[in-house]
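Undergrad: This one is entry-v7.txt, compact mmCIF, C-alpha atoms.
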```
# COMPACT_ATOMS: atom_id res chain seq x y z
CA MET A 1 -13.59 -5.03 -15.74
CA MET A 2 -12.71 -8.10 -17.82
CA ASP A 3 -10.78 -5.91 -20.28
CA LEU A 4 -8.49 -4.70 -17.47
CA PRO A 5 -6.37 -7.65 -16.29
CA GLY A 6 -5.76 -7.64 -12.57
CA VAL A 7 -8.75 -5.44 -11.74
CA HIS A 8 -11.31 -7.29 -9.62
CA ARG A 9 -14.77 -5.99 -8.75
CA PHE A 10 -16.81 -7.18 -5.78
CA GLY A 11 -19.81 -6.11 -3.78
CA ALA A 12 -22.92 -4.27 -4.91
CA VAL A 13 -22.93 -1.85 -7.83
CA GLY A 14 -24.45 1.43 -6.71
CA LYS A 15 -23.21 1.14 -3.14
CA ALA A 16 -20.45 3.34 -1.73
CA PRO A 17 -17.25 2.85 -3.76
CA MET A 18 -14.12 1.40 -2.19
CA LEU A 19 -10.66 1.07 -3.76
CA LEU A 20 -8.16 -1.41 -2.28
CA LEU A 21 -4.40 -1.11 -2.92
CA HIS A 22 -2.00 -3.82 -1.75
CA SER A 23 1.62 -3.92 -0.61
CA SER A 24 4.73 -4.81 -2.57
CA GLN A 25 5.34 -8.55 -3.08
CA SER A 26 1.58 -9.14 -2.76
CA ASN A 27 -1.60 -8.80 -4.81
CA SER A 28 -5.23 -7.79 -4.37
CA GLY A 29 -5.98 -11.18 -2.81
CA GLN A 30 -4.51 -9.91 0.46
CA TRP A 31 -7.82 -8.06 0.99
CA ARG A 32 -10.01 -11.17 0.57
CA ALA A 33 -11.20 -11.27 4.18
CA LEU A 34 -11.98 -7.53 4.25
CA ILE A 35 -13.93 -7.84 1.00
CA GLN A 36 -16.04 -10.62 2.44
CA GLN A 37 -16.90 -8.49 5.46
CA VAL A 38 -17.84 -5.25 3.68
CA GLN A 39 -19.11 -6.32 0.26
CA ALA A 40 -22.77 -5.96 1.23
CA ASP A 41 -22.24 -2.24 1.78
CA TYR A 42 -19.63 -1.31 -0.82
CA ASP A 43 -18.90 -1.47 -4.53
CA ILE A 44 -15.28 -2.61 -4.40
CA LEU A 45 -12.34 -2.50 -6.77
CA ALA A 46 -9.34 -4.57 -5.66
CA ILE A 47 -6.48 -3.85 -8.04
CA ASP A 48 -3.35 -5.88 -8.70
CA LEU A 49 -0.68 -3.21 -9.04
CA LEU A 50 1.76 -3.40 -11.93
CA GLY A 51 3.96 -6.48 -11.84
CA TYR A 52 1.81 -8.33 -9.30
CA GLY A 53 -1.05 -10.80 -9.48
CA LYS A 54 -2.70 -10.70 -12.90
CA ALA A 55 -1.55 -7.16 -13.71
CA PRO A 56 0.83 -6.57 -16.61
CA ALA A 57 4.53 -6.06 -15.98
CA VAL A 58 6.11 -2.65 -16.29
CA GLN A 59 7.40 -2.06 -19.79
CA ASP A 60 10.21 0.14 -21.09
CA ILE A 61 11.07 1.87 -17.80
CA GLU A 62 14.38 1.45 -16.03
CA PRO A 63 13.84 0.44 -12.38
CA GLU A 64 15.42 3.58 -10.91
CA ALA A 65 13.22 5.80 -13.13
CA PHE A 66 9.88 4.29 -12.06
CA ARG A 67 7.50 6.64 -10.22
CA PHE A 68 3.96 6.66 -8.86
CA ALA A 69 3.09 8.61 -12.00
CA ASP A 70 3.75 5.38 -13.92
CA GLU A 71 1.61 3.29 -11.56
CA LEU A 72 -1.42 5.56 -11.34
CA PRO A 73 -2.82 5.69 -14.91
CA ARG A 74 -3.98 2.08 -14.80
CA VAL A 75 -5.57 2.61 -11.37
CA LEU A 76 -7.39 5.69 -12.61
CA GLU A 77 -8.47 3.86 -15.74
CA ALA A 78 -10.09 1.18 -13.57
CA VAL A 79 -11.89 3.79 -11.48
CA LYS A 80 -13.15 5.52 -14.60
CA ALA A 81 -14.41 2.22 -16.00
CA ALA A 82 -16.29 1.57 -12.75
CA ASP A 83 -18.29 4.75 -13.42
CA TRP A 84 -18.54 5.67 -9.77
CA ARG A 85 -20.69 8.71 -8.98
CA GLN A 86 -19.70 9.08 -5.32
CA PRO A 87 -16.42 9.92 -3.55
CA ILE A 88 -14.21 6.90 -2.89
CA THR A 89 -13.13 5.17 0.28
CA LEU A 90 -9.41 4.40 -0.17
CA VAL A 91 -7.70 1.56 1.67
CA GLY A 92 -3.98 0.89 1.21
CA HIS A 93 -1.14 -1.06 2.81
CA SER A 94 2.58 -0.27 2.67
CA TYR A 95 3.40 0.63 -0.98
CA GLY A 96 -0.32 0.70 -1.72
CA GLY A 97 -0.81 2.93 1.31
CA ALA A 98 1.73 5.46 0.05
CA LEU A 99 0.02 5.38 -3.34
CA ALA A 100 -3.35 5.94 -1.64
CA LEU A 101 -1.91 8.94 0.23
CA LYS A 102 -0.93 10.49 -3.10
CA LEU A 103 -4.44 9.92 -4.45
CA ALA A 104 -6.00 11.48 -1.36
CA LEU A 105 -3.72 14.50 -1.67
CA GLU A 106 -4.01 15.10 -5.40
CA GLN A 107 -7.66 14.01 -5.78
CA PRO A 108 -7.58 13.00 -9.47
CA VAL A 109 -10.81 11.28 -8.42
CA PRO A 110 -12.94 12.45 -5.46
CA VAL A 111 -11.89 10.76 -2.21
CA ARG A 112 -14.20 10.55 0.79
CA GLN A 113 -11.91 8.96 3.38
CA LEU A 114 -8.60 7.15 3.65
CA VAL A 115 -7.41 4.13 5.61
CA VAL A 116 -3.71 3.25 5.45
CA TYR A 117 -1.74 0.56 7.24
CA GLU A 118 1.88 1.69 7.53
CA PRO A 119 2.13 3.67 4.31
CA VAL A 120 5.83 3.52 3.44
CA ALA A 121 6.12 7.05 2.04
CA PHE A 122 9.89 7.03 2.48
CA HIS A 123 10.22 10.34 0.65
CA VAL A 124 9.09 12.14 3.86
CA LEU A 125 12.22 10.94 5.67
CA THR A 126 15.24 13.23 5.55
CA ALA A 127 18.58 11.94 4.31
CA ASN A 128 20.24 12.09 7.73
CA GLU A 129 17.55 10.15 9.59
CA PRO A 130 18.64 6.66 10.72
CA ALA A 131 15.31 5.29 9.49
CA ARG A 132 16.00 6.61 5.99
CA GLN A 133 19.49 5.17 6.02
CA GLU A 134 18.13 1.84 7.21
CA ILE A 135 15.63 1.51 4.38
CA GLU A 136 18.14 2.73 1.80
CA VAL A 137 20.30 -0.30 2.66
CA ILE A 138 17.34 -2.60 1.94
CA ALA A 139 16.54 -0.76 -1.29
CA ALA A 140 20.16 -0.94 -2.45
CA GLN A 141 20.20 -4.71 -1.91
CA MET A 142 17.47 -5.05 -4.55
CA TYR A 143 19.96 -4.05 -7.26
CA GLN A 144 22.28 -7.01 -6.68
CA ALA A 145 22.51 -9.60 -9.43
CA ASP A 146 21.32 -12.45 -7.19
CA GLU A 147 17.55 -11.85 -7.20
CA THR A 148 16.94 -14.66 -4.71
CA ALA A 149 19.26 -13.01 -2.18
CA ALA A 150 17.67 -9.62 -2.87
CA THR A 151 14.20 -11.02 -2.30
CA ARG A 152 15.29 -12.82 0.84
CA GLY A 153 16.64 -9.58 2.30
CA PHE A 154 13.45 -7.68 1.47
CA VAL A 155 11.02 -10.31 2.76
CA ASP A 156 12.97 -11.01 5.93
CA TYR A 157 13.26 -7.29 6.70
CA TRP A 158 9.49 -6.87 6.78
CA ASN A 159 8.85 -10.17 8.56
CA GLN A 160 11.71 -11.79 10.48
CA PRO A 161 15.06 -13.45 9.73
CA GLY A 162 14.56 -16.82 8.06
CA PHE A 163 11.00 -16.08 6.95
CA PHE A 164 11.75 -16.29 3.24
CA ASP A 165 13.64 -19.58 3.42
CA ALA A 166 10.81 -21.13 5.43
CA LEU A 167 8.28 -20.46 2.66
CA PRO A 168 7.29 -23.18 0.16
CA GLU A 169 9.52 -23.31 -2.90
CA ARG A 170 6.70 -22.21 -5.20
CA MET A 171 6.17 -19.03 -3.15
CA ARG A 172 9.89 -18.27 -3.04
CA GLN A 173 10.14 -18.61 -6.80
CA GLY A 174 7.12 -16.37 -7.35
CA MET A 175 8.49 -13.69 -5.08
CA THR A 176 11.89 -13.83 -6.70
CA LEU A 177 10.32 -13.22 -10.10
CA GLN A 178 8.86 -10.00 -8.68
CA ALA A 179 12.20 -8.63 -7.46
CA LYS A 180 12.51 -6.14 -10.32
CA LYS A 181 9.12 -4.60 -9.50
CA VAL A 182 10.07 -4.33 -5.82
CA THR A 183 13.11 -2.34 -6.96
CA MET A 184 10.77 -0.07 -8.93
CA ASP A 185 8.49 0.31 -5.92
CA PHE A 186 11.41 1.55 -3.85
CA ALA A 187 12.31 4.05 -6.58
CA ALA A 188 8.74 5.38 -6.56
CA LEU A 189 8.55 5.58 -2.78
CA MET A 190 11.83 7.46 -2.45
CA GLY A 191 11.54 9.53 -5.60
CA GLU A 192 8.01 10.88 -5.04
CA PRO A 193 8.24 14.69 -5.38
CA HIS A 194 5.76 15.54 -2.61
CA LYS A 195 7.29 16.78 0.63
CA LEU A 196 6.10 16.03 4.15
CA ALA A 197 4.47 19.47 4.44
CA ASP A 198 2.36 18.78 1.33
CA TYR A 199 0.37 16.20 3.27
CA ARG A 200 -1.10 19.02 5.35
CA ASN A 201 -3.38 19.45 2.34
CA VAL A 202 -5.02 16.02 2.63
CA GLN A 203 -8.55 17.23 3.32
CA VAL A 204 -10.27 13.94 4.15
CA PRO A 205 -10.55 11.89 7.35
CA VAL A 206 -7.64 9.46 7.70
CA LEU A 207 -7.13 6.34 9.78
CA LEU A 208 -3.43 5.51 10.01
CA LEU A 209 -2.90 2.01 11.37
CA GLN A 210 0.45 0.91 12.74
CA GLY A 211 1.95 -2.40 13.79
CA GLN A 212 3.38 -2.67 17.30
CA TYR A 213 6.27 -4.83 16.05
CA THR A 214 7.18 -3.04 12.85
CA GLN A 215 10.47 -1.73 11.48
CA GLU A 216 11.88 1.69 12.33
CA SER A 217 11.54 2.96 8.76
CA ALA A 218 7.76 2.41 8.74
CA ARG A 219 7.41 3.68 12.30
CA CYS A 220 9.18 6.96 11.48
CA VAL A 221 7.12 7.56 8.36
CA ALA A 222 3.94 7.13 10.42
CA HIS A 223 5.29 9.47 13.12
CA HIS A 224 5.98 12.21 10.57
CA LEU A 225 2.63 11.84 8.85
CA LEU A 226 0.76 12.03 12.14
CA GLN A 227 2.32 15.46 12.71
CA VAL A 228 0.95 16.93 9.49
CA LEU A 229 -2.25 15.17 8.43
CA PRO A 230 -5.03 17.57 9.52
CA ASP A 231 -7.80 15.03 10.23
CA VAL A 232 -6.12 11.81 11.33
CA GLN A 233 -6.72 9.06 13.84
CA THR A 234 -4.24 6.33 14.64
CA GLN A 235 -4.48 2.87 16.11
CA THR A 236 -1.76 0.34 16.87
CA ILE A 237 -2.33 -3.32 16.05
CA GLN A 238 -0.46 -6.09 17.88
CA ALA A 239 1.24 -7.15 14.67
CA GLY A 240 4.16 -6.36 12.41
CA HIS A 241 4.31 -4.52 9.11
CA MET A 242 2.45 -7.31 7.36
CA GLY A 243 -0.50 -7.05 9.74
CA PRO A 244 -3.19 -6.89 7.02
CA ILE A 245 -2.09 -10.41 6.04
CA THR A 246 -0.88 -11.95 9.29
CA HIS A 247 -3.52 -10.37 11.55
CA ALA A 248 -6.29 -9.68 9.05
CA ASN A 249 -9.12 -9.95 11.56
CA ASP A 250 -7.66 -7.33 13.92
CA VAL A 251 -6.81 -4.97 11.09
CA ASN A 252 -10.16 -5.39 9.39
CA GLN A 253 -12.07 -4.73 12.60
CA ALA A 254 -10.18 -1.46 13.00
CA ILE A 255 -10.95 -0.50 9.41
CA ILE A 256 -14.64 -1.36 9.71
CA GLY A 257 -14.93 0.49 13.03
CA PHE A 258 -13.50 3.63 11.47
CA LEU A 259 -15.76 3.42 8.44
CA GLU A 260 -18.85 2.88 10.55
CA HIS A 261 -17.96 5.85 12.74
CA GLN A 262 -17.45 8.07 9.70
CA LEU A 263 -20.81 6.95 8.35
CA VAL A 264 -22.72 8.26 11.36
CA SER A 265 -20.55 11.29 12.18
```
Could the structure of this file be written out as structure tokens, please?

TA:
Amino acid sequence: MMDLPGVHRFGAVGKAPMLLLHSSQSNSGQWRALIQQVQADYDILAIDLLGYGKAPAVQDIEPEAFRFADELPRVLEAVKAADWRQPITLVGHSYGGALALKLALEQPVPVRQLVVYEPVAFHVLTANEPARQEIEVIAAQMYQADETAATRGFVDYWNQPGFFDALPERMRQGMTLQAKKVTMDFAALMGEPHKLADYRNVQVPVLLLQGQYTQESARCVAHHLLQVLPDVQTQTIQAGHMGPITHANDVNQAIIGFLEHQLVS
């Protein structure tokens, strides 16, 4: 994987394959604790999505034109390079969770099971829903010229007011540099052509994890998906939207419990 910057491989080659997809304003390192707990039983790819971590930036695409179709080729290239011969366990959070949903639906590679923590598939929300209107305000703020203010609004929305300003200066600067990609992520999440009803065709077991203290936009997306996914379980974690980072142990135990149950069922 050395020829694919931002693609990190862990675990045991030949074991069951697992693909980890992170949230916006993050990188594959958010899954470090989960990797440590499951690497004896899985062959793991943790991928820095475009514009994050060690991945390349997006080139020659206007932010509003970016789509999942632009994000996926590099992910699929990494999977192909891994030469996996078994169906994949997909794990995704937020933006990465919505991307994982698309993979599970379209199956460009065979998927065995799917775990998502608050997949922000905003395209399943209708235009007149308050939750859609709420997140459109946050998305619109990303287009303002002041990237620090845009990043502050985004980070505080998913955490709490004042969260961004309380971070170390180095972290604030790094996040601000990623503001353009966050704008692209929103464009992909809202511009995805799949409709809510399409997710009835996800033919793999799904664990949809939710945070007790999340935002209404993420809560409504989860509610809609739970109505249509044909083989889905849900569990609520005593955390917010950033639970895989802030409450990694609780989230990881839920993930591992689901995977172990699927293994014996």

Undergrad: Pick the closest to Ala254 of chain A from A:Gln141, A:Leu229, A:Arg172, A:Leu207: which is it, counting all atoms listed in the file?

TA: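 When distances to Ala254 of chain A are compared using all atoms listed in the file, the smallest one comes from A:Leu207.
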
Undergrad: Which is closest to Ala65 of chain A among A:Phe186, A:Thr246, A:Val251, A:His224, if we use all atoms listed in the file?

TA: A:Phe186

Undergrad: Which neighbours of Ser24 of chain A fall inside 8 Å, counting only C-alpha atoms, when residues of the same chain fewer than 6 positions from it are skipped, and could you give them as a CSV table (one decimal) with C-alpha atoms, in the coordinates of the input?

TA:
```csv
chain,number,residue,atom,x,y,z
A,94,SER,CA,2.6,-0.3,2.7
A,95,TYR,CA,3.4,0.6,-1.0
A,96,GLY,CA,-0.3,0.7,-1.7
A,182,VAL,CA,10.1,-4.3,-5.8
A,185,ASP,CA,8.5,0.3,-5.9
```

Undergrad: Would you please work out which residue, of A:Met171, A:Val13, A:Ala57, A:Val79, is nearest to Asp41 of chain A when using all atoms listed in the file?

TA: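 Once distances to Asp41 of chain A are computed over all atoms listed in the file, the minimum belongs to A:Val13.
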
Undergrad: Show me, as a list of chain:residue names, the residues that have an atom within 8 Å of His22 of chain A when counting only C-alpha atoms, minus same-chain residues fewer than 4 positions from it.

TA: A:Ser26, A:Asn27, A:Ser28, A:Gln30, A:Trp31, A:Ile47, A:Asp48, A:Leu49, A:Gly92, A:His93, A:Ser94, A:Tyr95, A:Gly96, A:Gly97

Undergrad: Could you save those same residues with C-alpha atoms as a CSV table (one decimal), keeping the file's coordinate frame?

TA:
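Below is the file that was written, part.csv:
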```csv
chain,number,residue,atom,x,y,z
A,26,SER,CA,1.6,-9.1,-2.8
A,27,ASN,CA,-1.6,-8.8,-4.8
A,28,SER,CA,-5.2,-7.8,-4.4
A,30,GLN,CA,-4.5,-9.9,0.5
A,31,TRP,CA,-7.8,-8.1,1.0
A,47,ILE,CA,-6.5,-3.8,-8.0
A,48,ASP,CA,-3.4,-5.9,-8.7
A,49,LEU,CA,-0.7,-3.2,-9.0
A,92,GLY,CA,-4.0,0.9,1.2
A,93,HIS,CA,-1.1,-1.1,2.8
A,94,SER,CA,2.6,-0.3,2.7
A,95,TYR,CA,3.4,0.6,-1.0
A,96,GLY,CA,-0.3,0.7,-1.7
A,97,GLY,CA,-0.8,2.9,1.3
```

Undergrad: Figure out the distance between atom CA of Val221 of chain A and atom CA of Ile256 of chain A, please, to one decimal in Å.

TA: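 About the pair atom CA of Ile256 of chain A and atom CA of Val221 of chain A: they are 23.6 Å apart.
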
Undergrad: Nearest to Pro230 of chain A among A:Ala69, A:Val202, A:Ile255, A:Ile35, with distances taken over only C-alpha atoms: which residue is it?

TA: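 That would be A:Val202, the residue with the smallest distance to Pro230 of chain A.
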
Undergrad: Rank A:Pro5, A:Pro17, A:Gly29, A:Pro73 by their smallest atom-to-atom distance to Ala248 of chain A, using all atoms listed in the file, and report the top residue only.

TA: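 That would be A:Gly29, the residue with the smallest distance to Ala248 of chain A.
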
Undergrad: Which residues are near segment 117-122 of chain A? Cut-off 9 Å, all atoms listed in the file, ignore same chain within fewer than 5 positions. Put them as a ChimeraX atom specification.

TA: /A:91-101,132,135,186,189-192,207-211,214,217-219,221-222,241-244,251

Undergrad: Given all atoms listed in the file as the basis, pick out the residue of A:Asp3, A:Asp250, A:Pro108, A:Ile138 nearest to Thr236 of chain A.

TA: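 Using all atoms listed in the file, Thr236 of chain A sits closest to A:Asp250.
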
Undergrad: Need the shell around Arg200 of chain A: protein/DNA/RNA residues with any atom at most 10 Å away, counting only C-alpha atoms. Skip same-chain ones fewer than 6 positions apart. Format as a list in words?

TA: Leu105, Leu225, Leu226, Gln227, Val228, Leu229, Pro230 and Asp231 of chain A

Undergrad: I'd like the interatomic distance between atom CA of Val116 of chain A and atom CA of Val7 of chain A, to a tenth of an Å.

TA: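 These atoms are spaced 19.9 Å apart.
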
Undergrad: Could you please determine the separation between atom CA of Ala179 of chain A and atom CA of Lys102 of chain A in Å, to one decimal place?

TA: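 The value is 23.6 Å.
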
Undergrad: Mind checking which residues fall within 9 Å of Lys180 of chain A, counting all atoms listed in the file, ignoring those fewer than 5 positions away in the same chain, and posting them as a list of chain:residue names?

TA: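 Using all atoms listed in the file, the neighbours found are A:Gly51, A:Pro63, A:Met142, A:Tyr143, A:Glu147, A:Asp185.
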